[in-house]
Amino acid sequence: MADCGEPDGPGNKDDITRSKNEGKELSKEEKQRLRKQKKQQKKQKERKNEKSETEKEKTPVSLLPPPRPVATQKAPSALPAPASAPIPVPASAPFHSSPAPSPADKPAKSKAELKAERRARQETDRAAKQPGSSSSGIKTKVPLSELNPVVKRLPEHVQVDDPAVVKRLAKKLERQQIPLRSDYGYKVSLFSHLHQYSRKAPLTQQLSIPSTVIHPSIVRLGLQYSQGIVAGSNARSVALLHAFKQVIRDYTTPPNEELSRDLVNKLKPYISFLNQCRPLSASMGNAIKYIKKEISNIPSQCKEEEAKTKLLTCIDRYIEEKIVLAAKAISKYAIEKISDGDVILVYGCSSLVNNILCEAFEKSRKFRVIVVDSRPRLEGREALRRLVQRGISCTYVLISALSYILPEVSKVFLGAHALLANGYVMSRVGTSQIALVARTFNVPVLVCCETYKFCEKVQTDSFVSNELDDPDDLMVTRKGKTQLENWQDVSSLGLLNLVYDVTPPDFVDLVITDLGMIPCTSVPVVLRVKNLDQ
Amino acid sequence: MPGADKEADLTERIEAFLADLKRGGCGTGPIRGSGETARETTALLRKVTAQARWSSAGDLMEIIRKEGRRMTAAQPSETTVGNMVLRVLKIIREEYARSRGSSEETDQQESLHKLQHFVHLKANVIEAINELLTELDGTTDNIAMQALEHIHSNEVIMTVGRSRTVEAFLKDAARKRKFHVIVAECAPFCQGHEMATNLSKASIETTVIADAAIFAVMSRVNKVIIGTQTVLANGGLRAVNGTHTVALAARHHSTPLIVCAPMFKLSPQFPNEEDTFHKFVSPHEVLPFTEGEILSKVNVHCPVFDYVPPELITLFISNIGGNAPSYIYRLMSELYHPEDHDL
């Protein structure tokens, strides 16, 4: 009998039950009353559902703090996009109502609003039944702690084809009073998202002398980078750190400013300038992160002189630990791998590999070296000079003669520019080729890399993030004739001068770091351990 | 005497040809293409057949063999010379067999030295050599005609160095289709630059890359089309240095490797001779004399050729059509007689 649920006006109930018992047909009024009661019960049930649902909806709003105002409307991913598109207004209605404080306001809502809410909920239920969105709906209701969503900003130098990004960069540089370097020459369509600069137009030509904004040692460093005078991952990082030391020495805190904050702001335009001269390498990026952290950790009570000496010793210690001592440790491990009678193949000029070979030679290991070189940089000649000076017997070939010379080789030692988090080795262009051919001839490939060059990036091919060098370098004059002299005039001809490439981890047999000898795939482990240390 | 004059003329021409061979193949890139070498060799052999004194097929073959040995000794790496000599020898055997009306091998060996059907033999041989010459003239066009069967639109094609055959092949396809070509420059001779300028003049989108970037860009390449200096008897190649790297990179990315080689480049040699396979040129190309002191303390190598094993090759396109590398031995038995393989 008590099927009417909530206790309503007892008189009505009695009437109805009486009429039911009497078997008479319910009168019109009684039917209307029944209908009203049912509606009210439904409303109360809805109120209960709404309360629980809006409470649930409230939590995701607070957990995903939207950086942009656009995000608030999209934040509850419980309402997936296809549902919200046809009903934009009502979708925001439960949203606007959820911050409303008391549920007592709810009955004051109009019928239309209630209908709209019901429709919205139906949409969400329908969409939640679809396979893709259900998991995301569930996820956002659980507070995210372990797997922090990585909201990364793409660096500007791989978004050259996006005019909005270019405009933003131009504005930023204008603010910092740094000239913008313009691209040069026809870019191959596969690489239209990267910059391509000419060496004949260095950025420093557009600066006024004396430059008030940029410290002179930074200007000199930028010029050295863009002209290729300072090249090589370690050399660039060390030069950068020395230049920063000079900057810190000449720095004075302006009044009403704190050293820890102001110095970091002073460094920002320098870094933009250096980035314009030549894109920063992974090792430089890590060094800059370290310096910024050290600067911001300076306590505010610290006096200026004390803070400056502290920073200078920090930088010296970084260079000593991460570069010099790391090289010693790597040499120690690598020398175990060099036996008498070895024929070792090296590519280009890696300061670390040269160091290892010289140390091994001093420890009286008998081996000979084959130096492989490639156009247009021809860095191998520098390595050849250094090794020959020490008295190591060397052979010199170009990379096209690799298949000829490889049957003689017993080991390949390669240097790296950076080691990526998915195990790929980013190094000078041509390294992947050497690793490939060495693997075909079953020659072991050993990569030597300090841990400060490990970086969080992941990359699978050499296109998405690379550096394009001056295309004019590819021109060559043979017998008085330069074939590609007027390549700019020919519209369908392009020159491509890549600087880096990535080697897949299955080509590399061993990575020798200052932490020991690890396989290529253990790089993310090392990164994680380092992050926990810091 | 007119006969003596003719003979003197002939020897003079042969000497001039030998001198040219010795100079022409000095490694700074063929001054003459191998097609021209083949044609000149065949023309010379026709002259020898016409003017030299011989009385039987065996005699003729001895004379041709002698001249052939001299020519191959002048430039051993130029295998087209030897190949043409072998073709002419095979022509002589065929014509002899035809004129005799018998096709038995053993019979031939003995009767070659007999004086039979002399006059007809000479005319037939010269006619067959003329046919060979017309075939040689049309090889590049024959190969280029097949281009549209192998290149579709919007492809990215990679090639190495400079090959006249591949240039004609790509230009023919470019008349009807639009595609991109990536040319590896092939240091130290950098022949790729000339190839790229020629291709871009035919309005083909061309990009020049350094040798070191071959593996880096290979992932975006749809086909690799190369030329070669010689096709060896096992189906392998003797090609310009750097080709083996291209072949390995293509296999890693499962990209088909197509070799455009006319039939006169097919040689009965095998690649197992380490000393005779490679040819070296002056290391000045690699490390110039301007480097100074260290030159006396280092070894510098500048090999010209590379060996590419037949497993890395997908297809041979020649003037008689497309073939797999495993079929090369059959083609060889049709072109050359096994007795002649060692001149």
# chains A, B, ... in the order shown; residues from 1 in each chain; ligands from 1
>>> select_by_dssp(residues="segment 21-185 of chain B", states="strand (DSSP E)", output="list in words")
Val156, Ile157, Met158, Thr159, Val160, His180, Val181, Ile182, Val183 and Ala184 of chain B
>>> residues_around(residues="segment 212-216 of chain A", least_positions_apart="3", cutoff="9 Å", atoms="only C-alpha atoms", output="list in words")
Gln176, Gln177, Ile178, Ser208, Ile209, Val219, Arg220, Leu221, Val247, Pro269, Tyr270 and Phe273 of chain A
>>> closest_residue(among="A:Pro444, A:Ala239, A:Phe191, A:Ile356", to="chain B", atoms="only C-alpha atoms")
A:Phe191
>>> residues_around(residues="segment 402-406 of chain A", least_positions_apart="4", cutoff="8 Å", atoms="only C-alpha atoms", output="VMD selection string")
(chain A and resid 372 397 to 398 434 437 to 438 441) or (chain B and resid 242 244 to 245 303 306)
>>> write_last_selection(atoms="N, CA and C atoms", output="PDB file, in the first residue's frame")
ATOM      1  N   VAL A 372      87.621   8.360 -38.949  1.00  0.00           N
ATOM      2  CA  VAL A 372      86.681   8.525 -40.059  1.00  0.00           C
ATOM      3  C   VAL A 372      86.170   9.953 -40.022  1.00  0.00           C
ATOM      4  N   VAL A 397      90.291   8.103 -43.218  1.00  0.00           N
ATOM      5  CA  VAL A 397      89.451   7.876 -44.394  1.00  0.00           C
ATOM      6  C   VAL A 397      88.217   8.759 -44.292  1.00  0.00           C
ATOM      7  N   LEU A 398      87.505   8.873 -45.394  1.00  0.00           N
ATOM      8  CA  LEU A 398      86.218   9.548 -45.386  1.00  0.00           C
ATOM      9  C   LEU A 398      85.119   8.517 -45.145  1.00  0.00           C
ATOM     10  N   ILE A 434      77.638   4.832 -39.045  1.00  0.00           N
ATOM     11  CA  ILE A 434      78.781   4.044 -38.605  1.00  0.00           C
ATOM     12  C   ILE A 434      78.308   2.898 -37.731  1.00  0.00           C
ATOM     13  N   VAL A 437      76.708   0.147 -40.054  1.00  0.00           N
ATOM     14  CA  VAL A 437      77.635  -0.679 -40.820  1.00  0.00           C
ATOM     15  C   VAL A 437      78.477  -1.533 -39.880  1.00  0.00           C
ATOM     16  N   ALA A 438      78.817  -0.993 -38.698  1.00  0.00           N
ATOM     17  CA  ALA A 438      79.604  -1.781 -37.741  1.00  0.00           C
ATOM     18  C   ALA A 438      78.811  -3.005 -37.276  1.00  0.00           C
ATOM     19  N   PHE A 441      78.978  -5.724 -39.800  1.00  0.00           N
ATOM     20  CA  PHE A 441      80.240  -6.456 -39.781  1.00  0.00           C
ATOM     21  C   PHE A 441      80.538  -7.054 -38.412  1.00  0.00           C
TER      22      PHE A 441
ATOM     23  N   GLY B 242      80.537   4.231 -50.979  1.00  0.00           N
ATOM     24  CA  GLY B 242      79.376   4.793 -50.291  1.00  0.00           C
ATOM     25  C   GLY B 242      78.114   4.030 -50.641  1.00  0.00           C
ATOM     26  N   HIS B 244      77.577   0.802 -50.538  1.00  0.00           N
ATOM     27  CA  HIS B 244      77.267  -0.257 -49.579  1.00  0.00           C
ATOM     28  C   HIS B 244      76.513   0.302 -48.382  1.00  0.00           C
ATOM     29  N   THR B 245      76.915   1.490 -47.926  1.00  0.00           N
ATOM     30  CA  THR B 245      76.195   2.122 -46.817  1.00  0.00           C
ATOM     31  C   THR B 245      74.751   2.401 -47.197  1.00  0.00           C
ATOM     32  N   PRO B 303      89.707   4.678 -51.556  1.00  0.00           N
ATOM     33  CA  PRO B 303      89.233   3.681 -52.506  1.00  0.00           C
ATOM     34  C   PRO B 303      88.141   4.269 -53.385  1.00  0.00           C
ATOM     35  N   ASP B 306      83.145   0.071 -54.140  1.00  0.00           N
ATOM     36  CA  ASP B 306      82.553  -0.606 -52.994  1.00  0.00           C
ATOM     37  C   ASP B 306      81.927  -1.891 -53.494  1.00  0.00           C
TER      38      ASP B 306
END
>>> closest_residue(among="B:Phe316, B:Tyr307, B:Phe179, B:Trp54", to="chain A", atoms="only C-alpha atoms")
B:Tyr307
>>> interface_residues(of="chain A", to="chain B", cutoff="6 Å", atoms="only C-alpha atoms", output="PDB file with C-alpha atoms, in the first residue's frame")
ATOM      1  CA  CYS A 394      96.540   6.611 -37.286  1.00  0.00           C
ATOM      2  CA  THR A 395      94.751   5.983 -40.548  1.00  0.00           C
ATOM      3  CA  TYR A 396      92.402   8.503 -42.078  1.00  0.00           C
ATOM      4  CA  VAL A 397      89.451   7.876 -44.394  1.00  0.00           C
ATOM      5  CA  SER A 400      82.162   6.782 -47.843  1.00  0.00           C
ATOM      6  CA  ALA A 401      85.101   4.389 -47.510  1.00  0.00           C
ATOM      7  CA  VAL A 429      75.392  13.300 -38.273  1.00  0.00           C
ATOM      8  CA  GLY A 430      76.973  10.110 -39.617  1.00  0.00           C
ATOM      9  CA  GLN A 433      75.588   5.197 -40.254  1.00  0.00           C
ATOM     10  CA  SER A 462      66.438  12.863 -37.023  1.00  0.00           C
ATOM     11  CA  SER A 492      64.075  23.167 -57.648  1.00  0.00           C
ATOM     12  CA  LEU A 493      67.497  22.669 -56.040  1.00  0.00           C
ATOM     13  CA  GLY A 494      68.017  22.575 -52.285  1.00  0.00           C
ATOM     14  CA  LEU A 495      71.035  21.842 -50.114  1.00  0.00           C
ATOM     15  CA  LEU A 496      70.696  20.121 -46.783  1.00  0.00           C
TER      16      LEU A 496
END
>>> residues_around(residues="segment 298-309 of chain A", least_positions_apart="2", cutoff="7 Å", atoms="only C-alpha atoms", output="CSV table (one decimal) with all heavy atoms, in the first residue's frame")
chain,number,residue,atom,x,y,z
A,248,ILE,N,78.9,36.9,-13.5
A,248,ILE,CA,78.7,37.0,-12.1
A,248,ILE,C,79.7,37.9,-11.4
A,248,ILE,O,79.4,38.7,-10.5
A,248,ILE,CB,78.7,35.6,-11.5
A,248,ILE,CG1,77.5,34.8,-12.0
A,248,ILE,CG2,78.6,35.7,-9.9
A,248,ILE,CD1,77.4,33.4,-11.5
A,249,ARG,N,80.9,37.8,-11.8
A,249,ARG,CA,81.9,38.7,-11.2
A,249,ARG,C,81.6,40.2,-11.4
A,249,ARG,O,81.8,41.0,-10.5
A,249,ARG,CB,83.3,38.4,-11.8
A,249,ARG,CG,84.1,37.4,-11.0
A,249,ARG,CD,85.5,37.2,-11.5
A,249,ARG,NE,85.8,35.8,-11.7
A,249,ARG,CZ,86.1,35.3,-12.9
A,249,ARG,NH1,86.1,36.0,-14.0
A,249,ARG,NH2,86.3,34.0,-12.9
A,258,GLU,N,66.7,41.6,-4.9
A,258,GLU,CA,67.4,40.5,-4.3
A,258,GLU,C,68.2,39.8,-5.3
A,258,GLU,O,67.8,39.6,-6.5
A,258,GLU,CB,66.4,39.4,-3.8
A,258,GLU,CG,66.0,39.6,-2.4
A,258,GLU,CD,65.2,38.4,-1.9
A,258,GLU,OE1,65.5,37.3,-2.3
A,258,GLU,OE2,64.3,38.6,-1.1
A,260,SER,N,69.1,36.8,-5.7
A,260,SER,CA,68.7,35.5,-6.2
A,260,SER,C,67.6,35.6,-7.3
A,260,SER,O,67.6,34.8,-8.2
A,260,SER,CB,68.1,34.6,-5.0
A,260,SER,OG,67.1,35.3,-4.4
A,294,GLU,N,71.0,27.0,-8.5
A,294,GLU,CA,72.0,27.5,-7.4
A,294,GLU,C,71.7,28.9,-7.1
A,294,GLU,O,71.8,29.3,-5.9
A,294,GLU,CB,73.4,27.3,-8.0
A,294,GLU,CG,73.9,25.9,-8.0
A,294,GLU,CD,73.9,25.3,-6.6
A,294,GLU,OE1,74.4,25.9,-5.7
A,294,GLU,OE2,73.4,24.2,-6.5
A,295,ILE,N,71.5,29.7,-8.1
A,295,ILE,CA,71.2,31.2,-7.8
A,295,ILE,C,70.0,31.4,-7.0
A,295,ILE,O,70.0,32.1,-6.0
A,295,ILE,CB,71.1,32.0,-9.2
A,295,ILE,CG1,72.5,31.9,-9.9
A,295,ILE,CG2,70.7,33.4,-8.9
A,295,ILE,CD1,72.4,32.6,-11.2
A,296,SER,N,68.9,30.6,-7.4
A,296,SER,CA,67.7,30.9,-6.6
A,296,SER,C,67.8,30.3,-5.2
A,296,SER,O,67.0,30.6,-4.4
A,296,SER,CB,66.5,30.3,-7.4
A,296,SER,OG,66.8,29.3,-8.2
A,311,LEU,N,78.7,31.3,-5.7
A,311,LEU,CA,78.3,30.9,-7.0
A,311,LEU,C,79.5,30.5,-7.9
A,311,LEU,O,79.5,29.5,-8.6
A,311,LEU,CB,77.5,32.0,-7.7
A,311,LEU,CG,76.1,32.2,-7.3
A,311,LEU,CD1,75.5,33.5,-7.9
A,311,LEU,CD2,75.3,31.0,-7.6
A,312,LEU,N,80.6,31.3,-7.8
A,312,LEU,CA,81.8,31.0,-8.6
A,312,LEU,C,82.3,29.6,-8.2
A,312,LEU,O,82.7,28.8,-9.1
A,312,LEU,CB,82.8,32.1,-8.4
A,312,LEU,CG,82.4,33.4,-9.0
A,312,LEU,CD1,83.5,34.4,-8.7
A,312,LEU,CD2,82.2,33.3,-10.5
A,313,THR,N,82.3,29.3,-6.9
A,313,THR,CA,82.9,28.0,-6.5
A,313,THR,C,81.9,26.9,-7.0
A,313,THR,O,82.3,25.8,-7.4
A,313,THR,CB,83.0,27.9,-5.0
A,313,THR,OG1,82.0,28.5,-4.3
A,313,THR,CG2,84.3,28.4,-4.5
>>> closest_residue(among="B:His284, B:Lys22, B:Lys122, B:His152", to="Lys178 of chain B", atoms="only C-alpha atoms")
B:His152
>>> residues_around(residues="Val81 of chain B", least_positions_apart="3", cutoff="8 Å", atoms="only C-alpha atoms", output="count of residues only")
9
>>> residues_around(residues="Val445 of chain A", least_positions_apart="3", cutoff="7 Å", atoms="only C-alpha atoms", output="list of chain:residue names")
A:Lys411, A:Val412, A:Phe413, A:Ala435, A:Val508, A:Asp509, A:Leu510
>>> write_last_selection(atoms="N, CA, C and O atoms", output="JSON list (two decimals), in the first residue's frame")
[["chain", "number", "residue", "atom", "x", "y", "z"],
["A", 411, "LYS", "N", 87.04, -2.51, -32.81],
["A", 411, "LYS", "CA", 86.09, -1.83, -31.92],
["A", 411, "LYS", "C", 85.80, -0.45, -32.49],
["A", 411, "LYS", "O", 86.63, 0.15, -33.14],
["A", 412, "VAL", "N", 84.62, 0.05, -32.18],
["A", 412, "VAL", "CA", 84.24, 1.40, -32.58],
["A", 412, "VAL", "C", 83.94, 2.20, -31.31],
["A", 412, "VAL", "O", 83.14, 1.78, -30.49],
["A", 413, "PHE", "N", 84.60, 3.36, -31.16],
["A", 413, "PHE", "CA", 84.32, 4.24, -30.03],
["A", 413, "PHE", "C", 83.67, 5.50, -30.56],
["A", 413, "PHE", "O", 84.21, 6.16, -31.43],
["A", 435, "ALA", "N", 77.36, 3.19, -36.85],
["A", 435, "ALA", "CA", 76.86, 2.12, -35.98],
["A", 435, "ALA", "C", 76.17, 1.04, -36.81],
["A", 435, "ALA", "O", 76.32, -0.16, -36.54],
["A", 508, "VAL", "N", 73.82, 0.08, -30.61],
["A", 508, "VAL", "CA", 74.86, 0.40, -29.63],
["A", 508, "VAL", "C", 74.98, -0.74, -28.65],
["A", 508, "VAL", "O", 73.98, -1.21, -28.09],
["A", 509, "ASP", "N", 76.22, -1.21, -28.44],
["A", 509, "ASP", "CA", 76.40, -2.34, -27.54],
["A", 509, "ASP", "C", 76.59, -1.91, -26.10],
["A", 509, "ASP", "O", 76.17, -2.62, -25.20],
["A", 510, "LEU", "N", 77.23, -0.76, -25.88],
["A", 510, "LEU", "CA", 77.55, -0.39, -24.50],
["A", 510, "LEU", "C", 77.67, 1.12, -24.41],
["A", 510, "LEU", "O", 78.18, 1.75, -25.32]]
>>> residues_around(residues="Ala418 of chain A", least_positions_apart="5", cutoff="8 Å", atoms="only C-alpha atoms", output="list in words")
Ala282, Ser283, Val425, Met426, Ser427, Cys449, Lys453, Phe454 and Cys455 of chain A
>>> write_last_selection(atoms="N, CA and C atoms", output="PDB file, in the first residue's frame")
ATOM      1  N   ALA A 282      72.042  20.074 -25.425  1.00  0.00           N
ATOM      2  CA  ALA A 282      71.435  19.475 -24.234  1.00  0.00           C
ATOM      3  C   ALA A 282      72.318  19.705 -23.018  1.00  0.00           C
ATOM      4  N   SER A 283      73.650  19.611 -23.207  1.00  0.00           N
ATOM      5  CA  SER A 283      74.549  19.796 -22.069  1.00  0.00           C
ATOM      6  C   SER A 283      74.477  21.237 -21.569  1.00  0.00           C
ATOM      7  N   VAL A 425      70.739   7.661 -29.129  1.00  0.00           N
ATOM      8  CA  VAL A 425      71.935   8.466 -28.946  1.00  0.00           C
ATOM      9  C   VAL A 425      71.906   9.585 -29.971  1.00  0.00           C
ATOM     10  N   MET A 426      71.944  10.823 -29.483  1.00  0.00           N
ATOM     11  CA  MET A 426      71.979  11.949 -30.417  1.00  0.00           C
ATOM     12  C   MET A 426      73.432  12.381 -30.550  1.00  0.00           C
ATOM     13  N   SER A 427      73.907  12.368 -31.780  1.00  0.00           N
ATOM     14  CA  SER A 427      75.318  12.677 -31.959  1.00  0.00           C
ATOM     15  C   SER A 427      75.497  13.330 -33.321  1.00  0.00           C
ATOM     16  N   CYS A 449      79.830   8.769 -22.868  1.00  0.00           N
ATOM     17  CA  CYS A 449      79.013   9.950 -22.622  1.00  0.00           C
ATOM     18  C   CYS A 449      78.979  10.234 -21.130  1.00  0.00           C
ATOM     19  N   LYS A 453      75.071  14.937 -19.795  1.00  0.00           N
ATOM     20  CA  LYS A 453      74.489  15.091 -21.124  1.00  0.00           C
ATOM     21  C   LYS A 453      73.198  14.302 -21.283  1.00  0.00           C
ATOM     22  N   PHE A 454      72.765  13.591 -20.244  1.00  0.00           N
ATOM     23  CA  PHE A 454      71.525  12.844 -20.388  1.00  0.00           C
ATOM     24  C   PHE A 454      70.362  13.830 -20.361  1.00  0.00           C
ATOM     25  N   CYS A 455      69.381  13.661 -21.248  1.00  0.00           N
ATOM     26  CA  CYS A 455      68.294  14.620 -21.215  1.00  0.00           C
ATOM     27  C   CYS A 455      66.952  13.914 -21.335  1.00  0.00           C
TER      28      CYS A 455
END
>>> closest_residue(among="B:Leu343, B:Val224, B:Leu132, B:Ala174", to="Met263 of chain B", atoms="only C-alpha atoms")
B:Leu132
>>> atom_distance(atom1="atom CA of Gly33 of chain B", atom2="atom CA of Pro262 of chain B")
12.4 Å
>>> atom_distance(atom1="atom CA of Ile320 of chain B", atom2="atom CA of Glu339 of chain B")
24.2 Å
>>> closest_residue(among="A:Leu498, A:Val158, A:Val447, A:Val458", to="Cys520 of chain A", atoms="only C-alpha atoms")
A:Val447
>>> closest_residue(among="B:Lys279, B:Lys223, B:Arg87, B:Arg330", to="His253 of chain B", atoms="only C-alpha atoms")
B:Lys223
>>> atom_distance(atom1="atom CA of Arg13 of chain B", atom2="atom CA of Ala50 of chain B")
14.1 Å
>>> select_by_dssp(residues="segment 237-329 of chain A", states="alpha helix (DSSP H)", output="PyMOL selection string")
chain A and resi 237-249+259-277+282-296+304-318+326-329
